[in-house]
Amino acid sequence: MYKRLQRPTVREILKYNEQGRLIVRSYGQTKILSKHSRNVLLELLISHLINTVKGPVNKHDFLHFARGIIDVFPSEDINLYYVAPVSKKDSRNRKSISVRGKLVEKYRNKLRQNKRILADISDVTTSTDLESEASNDVKCWRQASNGWKLIKNRGK
């Protein structure tokens with residue numbers, strides 16, 4: 001976990017990752033980021049962001065990474081990765097527009113995936129708990145039934 005002021009640069013993140021080094025090397029030869037390379041780049045950056053920043057990620061984090069991408073890959077357009085939010089007073093239709101771009105979309109999708117995984121885990125835990133409760137109820141019922149049989153047999 002790092003403080004906001006000590007964020008690693010995009011260059012550092014790519015340098016310490018094998019896929020990141022391959023993307024930089026490929027870009028050095030072609031001066032173009034392919035769609036696949038872009039997706040891998042976003043996956044690396046967002047995974048790093050989620051794993052290192054505790055708490056909510058804000059627009060400054062996305063802007064930091066977008067500027068870092070442009071620093072490493074100058075032919076890329078910053079507006080592809082980050083589009084600043086528009087306040088209500090500055091918008092045409094008097095509605096605010098939240099921050100957008102590939103970085104933001106990837107982050108939101110990743111959070112959604114993580115929530116689904118957690119939901120699946122809790123569903124499995126809940127169903128296991130329910131099964132064990134049901135089996136305990138059956139055991140209690142059997143014991144109670146056997147007790148009833150004993151009482152009936154004693155009365156005969």
# chains A, B, ... in the order shown; residues from 1 in each chain; ligands from 1
>>> select_by_dssp(residues="range 19-114 of chain A", states="strand (DSSP E or B)", output="PyMOL selection string")
chain A and resi 83+86+97+100
>>> residues_around(residues="Glu12 in chain A", least_positions_apart="4", cutoff="12 Å", atoms="only C-alpha atoms", output="ChimeraX atom specification")
/A:7-8,16-18,20-21,24,44-45,48,65,68-69,71-72
>>> closest_residue(among="A:Leu118, A:Ala66, A:Leu103, A:Val53", to="Val40 in chain A", atoms="only C-alpha atoms")
A:Leu103
>>> residues_around(residues="Lys31 in chain A", least_positions_apart="4", cutoff="9 Å", atoms="only C-alpha atoms", output="ChimeraX atom specification")
/A:26-27,73-75
>>> select_by_dssp(residues="range 26-101 of chain A", states="helix (DSSP H, G or I)", output="ChimeraX atom specification")
/A:26-30,35-52,59-72,78-81,88-90
>>> residues_around(residues="Leu111 in chain A", least_positions_apart="3", cutoff="12 Å", atoms="only C-alpha atoms", output="PyMOL selection string")
chain A and resi 46-47+49-51+56-57+104-108+114-118
>>> residues_around(residues="Ala84 in chain A", least_positions_apart="5", cutoff="12 Å", atoms="only C-alpha atoms", output="list in words")
Asn58, Lys59, His60, Asp61, Phe62, Leu63, Ala66, Ile78, Asn79, Ser96, Ile97, Ser98, Val99, Arg100, Gly101, Leu103 and Val104 of chain A
>>> write_last_selection(atoms="C-alpha atoms", output="mmCIF file, in the first residue's frame")
data_model
loop_
_atom_site.group_PDB
_atom_site.id
_atom_site.type_symbol
_atom_site.label_atom_id
_atom_site.label_comp_id
_atom_site.auth_asym_id
_atom_site.auth_seq_id
_atom_site.Cartn_x
_atom_site.Cartn_y
_atom_site.Cartn_z
ATOM 1 C CA ASN A 58 -10.254 9.165 -7.147
ATOM 2 C CA LYS A 59 -10.021 11.063 -10.419
ATOM 3 C CA HIS A 60 -6.476 12.191 -9.590
ATOM 4 C CA ASP A 61 -5.292 8.568 -9.578
ATOM 5 C CA PHE A 62 -6.774 8.014 -13.031
ATOM 6 C CA LEU A 63 -5.292 11.274 -14.311
ATOM 7 C CA ALA A 66 -3.300 8.584 -17.997
ATOM 8 C CA ILE A 78 -4.902 10.952 -23.205
ATOM 9 C CA ASN A 79 -8.649 11.335 -23.873
ATOM 10 C CA SER A 96 -23.103 16.525 -14.295
ATOM 11 C CA ILE A 97 -21.033 13.936 -16.142
ATOM 12 C CA SER A 98 -18.761 11.673 -14.132
ATOM 13 C CA VAL A 99 -15.167 10.866 -14.988
ATOM 14 C CA ARG A 100 -14.802 8.540 -18.009
ATOM 15 C CA GLY A 101 -12.198 6.763 -20.101
ATOM 16 C CA LEU A 103 -8.907 3.456 -17.136
ATOM 17 C CA VAL A 104 -12.131 4.279 -15.311
#
>>> atom_distance(atom1="CA of Ile32 in chain A", atom2="CA of Asn109 in chain A")
25.3 Å
>>> decode(residues="range 2-121 of chain A", atoms="C-alpha atoms", output="compact mmCIF listing (two decimals), in the first residue's frame")
# COMPACT_ATOMS: atom_id res chain seq x y z
CA TYR A 2 1.33 3.44 -0.82
CA LYS A 3 0.38 6.99 -0.03
CA ARG A 4 -1.04 9.08 -2.81
CA LEU A 5 2.11 11.23 -2.93
CA GLN A 6 4.33 8.17 -3.45
CA ARG A 7 2.51 6.65 -6.39
CA PRO A 8 4.73 4.65 -8.72
CA THR A 9 4.87 5.84 -12.29
CA VAL A 10 3.49 3.86 -15.21
CA ARG A 11 7.07 3.40 -16.39
CA GLU A 12 8.05 1.80 -13.05
CA ILE A 13 5.04 -0.52 -13.03
CA LEU A 14 5.80 -1.68 -16.58
CA LYS A 15 9.52 -2.04 -15.85
CA TYR A 16 8.92 -4.52 -13.03
CA ASN A 17 6.46 -6.68 -14.96
CA GLU A 18 7.32 -9.07 -17.79
CA GLN A 19 4.22 -8.25 -19.82
CA GLY A 20 4.87 -4.56 -19.24
CA ARG A 21 8.40 -4.87 -20.61
CA LEU A 22 7.06 -6.70 -23.68
CA ILE A 23 4.53 -3.92 -24.33
CA VAL A 24 7.24 -1.25 -24.09
CA ARG A 25 9.54 -3.25 -26.38
CA SER A 26 6.76 -3.78 -28.94
CA TYR A 27 5.87 -0.09 -28.86
CA GLY A 28 9.53 0.81 -29.34
CA GLN A 29 9.57 -1.15 -32.60
CA THR A 30 6.20 -0.12 -34.04
CA LYS A 31 5.41 3.21 -32.27
CA ILE A 32 1.82 1.95 -32.02
CA LEU A 33 -0.03 0.22 -29.19
CA SER A 34 -2.19 -2.61 -30.51
CA LYS A 35 -5.65 -3.18 -29.06
CA HIS A 36 -4.36 -6.27 -27.27
CA SER A 37 -1.37 -4.37 -25.83
CA ARG A 38 -3.70 -1.61 -24.67
CA ASN A 39 -5.93 -4.13 -22.88
CA VAL A 40 -2.96 -5.81 -21.20
CA LEU A 41 -1.58 -2.40 -20.20
CA LEU A 42 -4.89 -1.42 -18.62
CA GLU A 43 -5.15 -4.77 -16.84
CA LEU A 44 -1.65 -4.33 -15.36
CA LEU A 45 -2.27 -0.76 -14.21
CA ILE A 46 -5.72 -1.34 -12.74
CA SER A 47 -4.64 -4.55 -11.00
CA HIS A 48 -1.72 -2.65 -9.51
CA LEU A 49 -4.04 0.17 -8.45
CA ILE A 50 -6.54 -2.16 -6.78
CA ASN A 51 -3.82 -4.16 -5.03
CA THR A 52 -1.92 -1.16 -3.67
CA VAL A 53 -4.45 1.59 -2.96
CA LYS A 54 -6.62 0.91 0.05
CA GLY A 55 -9.90 2.76 -0.07
CA PRO A 56 -11.56 4.56 -2.94
CA VAL A 57 -9.66 5.59 -6.04
CA ASN A 58 -10.25 9.16 -7.15
CA LYS A 59 -10.02 11.06 -10.42
CA HIS A 60 -6.48 12.19 -9.59
CA ASP A 61 -5.29 8.57 -9.58
CA PHE A 62 -6.77 8.01 -13.03
CA LEU A 63 -5.29 11.27 -14.31
CA HIS A 64 -1.88 10.29 -12.89
CA PHE A 65 -1.96 7.00 -14.79
CA ALA A 66 -3.30 8.58 -18.00
CA ARG A 67 -0.45 11.11 -17.99
CA GLY A 68 1.99 8.30 -17.28
CA ILE A 69 0.71 6.33 -20.26
CA ILE A 70 1.21 9.36 -22.52
CA ASP A 71 4.70 9.81 -21.07
CA VAL A 72 5.68 6.24 -21.98
CA PHE A 73 3.61 5.99 -25.18
CA PRO A 74 3.56 9.49 -26.75
CA SER A 75 1.46 8.50 -29.77
CA GLU A 76 -1.48 7.59 -27.51
CA ASP A 77 -4.32 10.05 -26.87
CA ILE A 78 -4.90 10.95 -23.20
CA ASN A 79 -8.65 11.33 -23.87
CA LEU A 80 -8.83 7.64 -24.64
CA TYR A 81 -7.72 6.83 -21.09
CA TYR A 82 -9.14 9.71 -19.06
CA VAL A 83 -11.90 12.25 -19.65
CA ALA A 84 -12.37 14.73 -16.80
CA PRO A 85 -15.77 15.04 -15.15
CA VAL A 86 -18.08 17.87 -16.20
CA SER A 87 -19.87 19.81 -13.47
CA LYS A 88 -23.57 20.54 -13.65
CA LYS A 89 -23.03 24.25 -14.27
CA ASP A 90 -20.62 23.58 -17.17
CA SER A 91 -22.71 20.99 -19.00
CA ARG A 92 -25.09 21.76 -21.85
CA ASN A 93 -28.06 19.92 -20.39
CA ARG A 94 -27.47 20.94 -16.74
CA LYS A 95 -26.48 17.41 -15.69
CA SER A 96 -23.10 16.52 -14.30
CA ILE A 97 -21.03 13.94 -16.14
CA SER A 98 -18.76 11.67 -14.13
CA VAL A 99 -15.17 10.87 -14.99
CA ARG A 100 -14.80 8.54 -18.01
CA GLY A 101 -12.20 6.76 -20.10
CA LYS A 102 -10.67 3.32 -20.51
CA LEU A 103 -8.91 3.46 -17.14
CA VAL A 104 -12.13 4.28 -15.31
CA GLU A 105 -14.15 1.67 -17.22
CA LYS A 106 -11.57 -1.03 -16.54
CA TYR A 107 -11.49 -0.10 -12.85
CA ARG A 108 -15.28 -0.22 -12.51
CA ASN A 109 -15.47 -3.54 -14.39
CA LYS A 110 -12.74 -5.01 -12.18
CA LEU A 111 -14.59 -3.94 -9.02
CA ARG A 112 -17.79 -5.46 -10.39
CA GLN A 113 -15.96 -8.75 -11.10
CA ASN A 114 -14.52 -8.77 -7.58
CA LYS A 115 -17.97 -8.21 -6.07
CA ARG A 116 -19.36 -11.12 -8.11
CA ILE A 117 -16.56 -13.37 -6.87
CA LEU A 118 -17.27 -12.35 -3.28
CA ALA A 119 -20.99 -12.93 -3.81
CA ASP A 120 -20.28 -16.40 -5.21
CA ILE A 121 -18.09 -17.21 -2.21
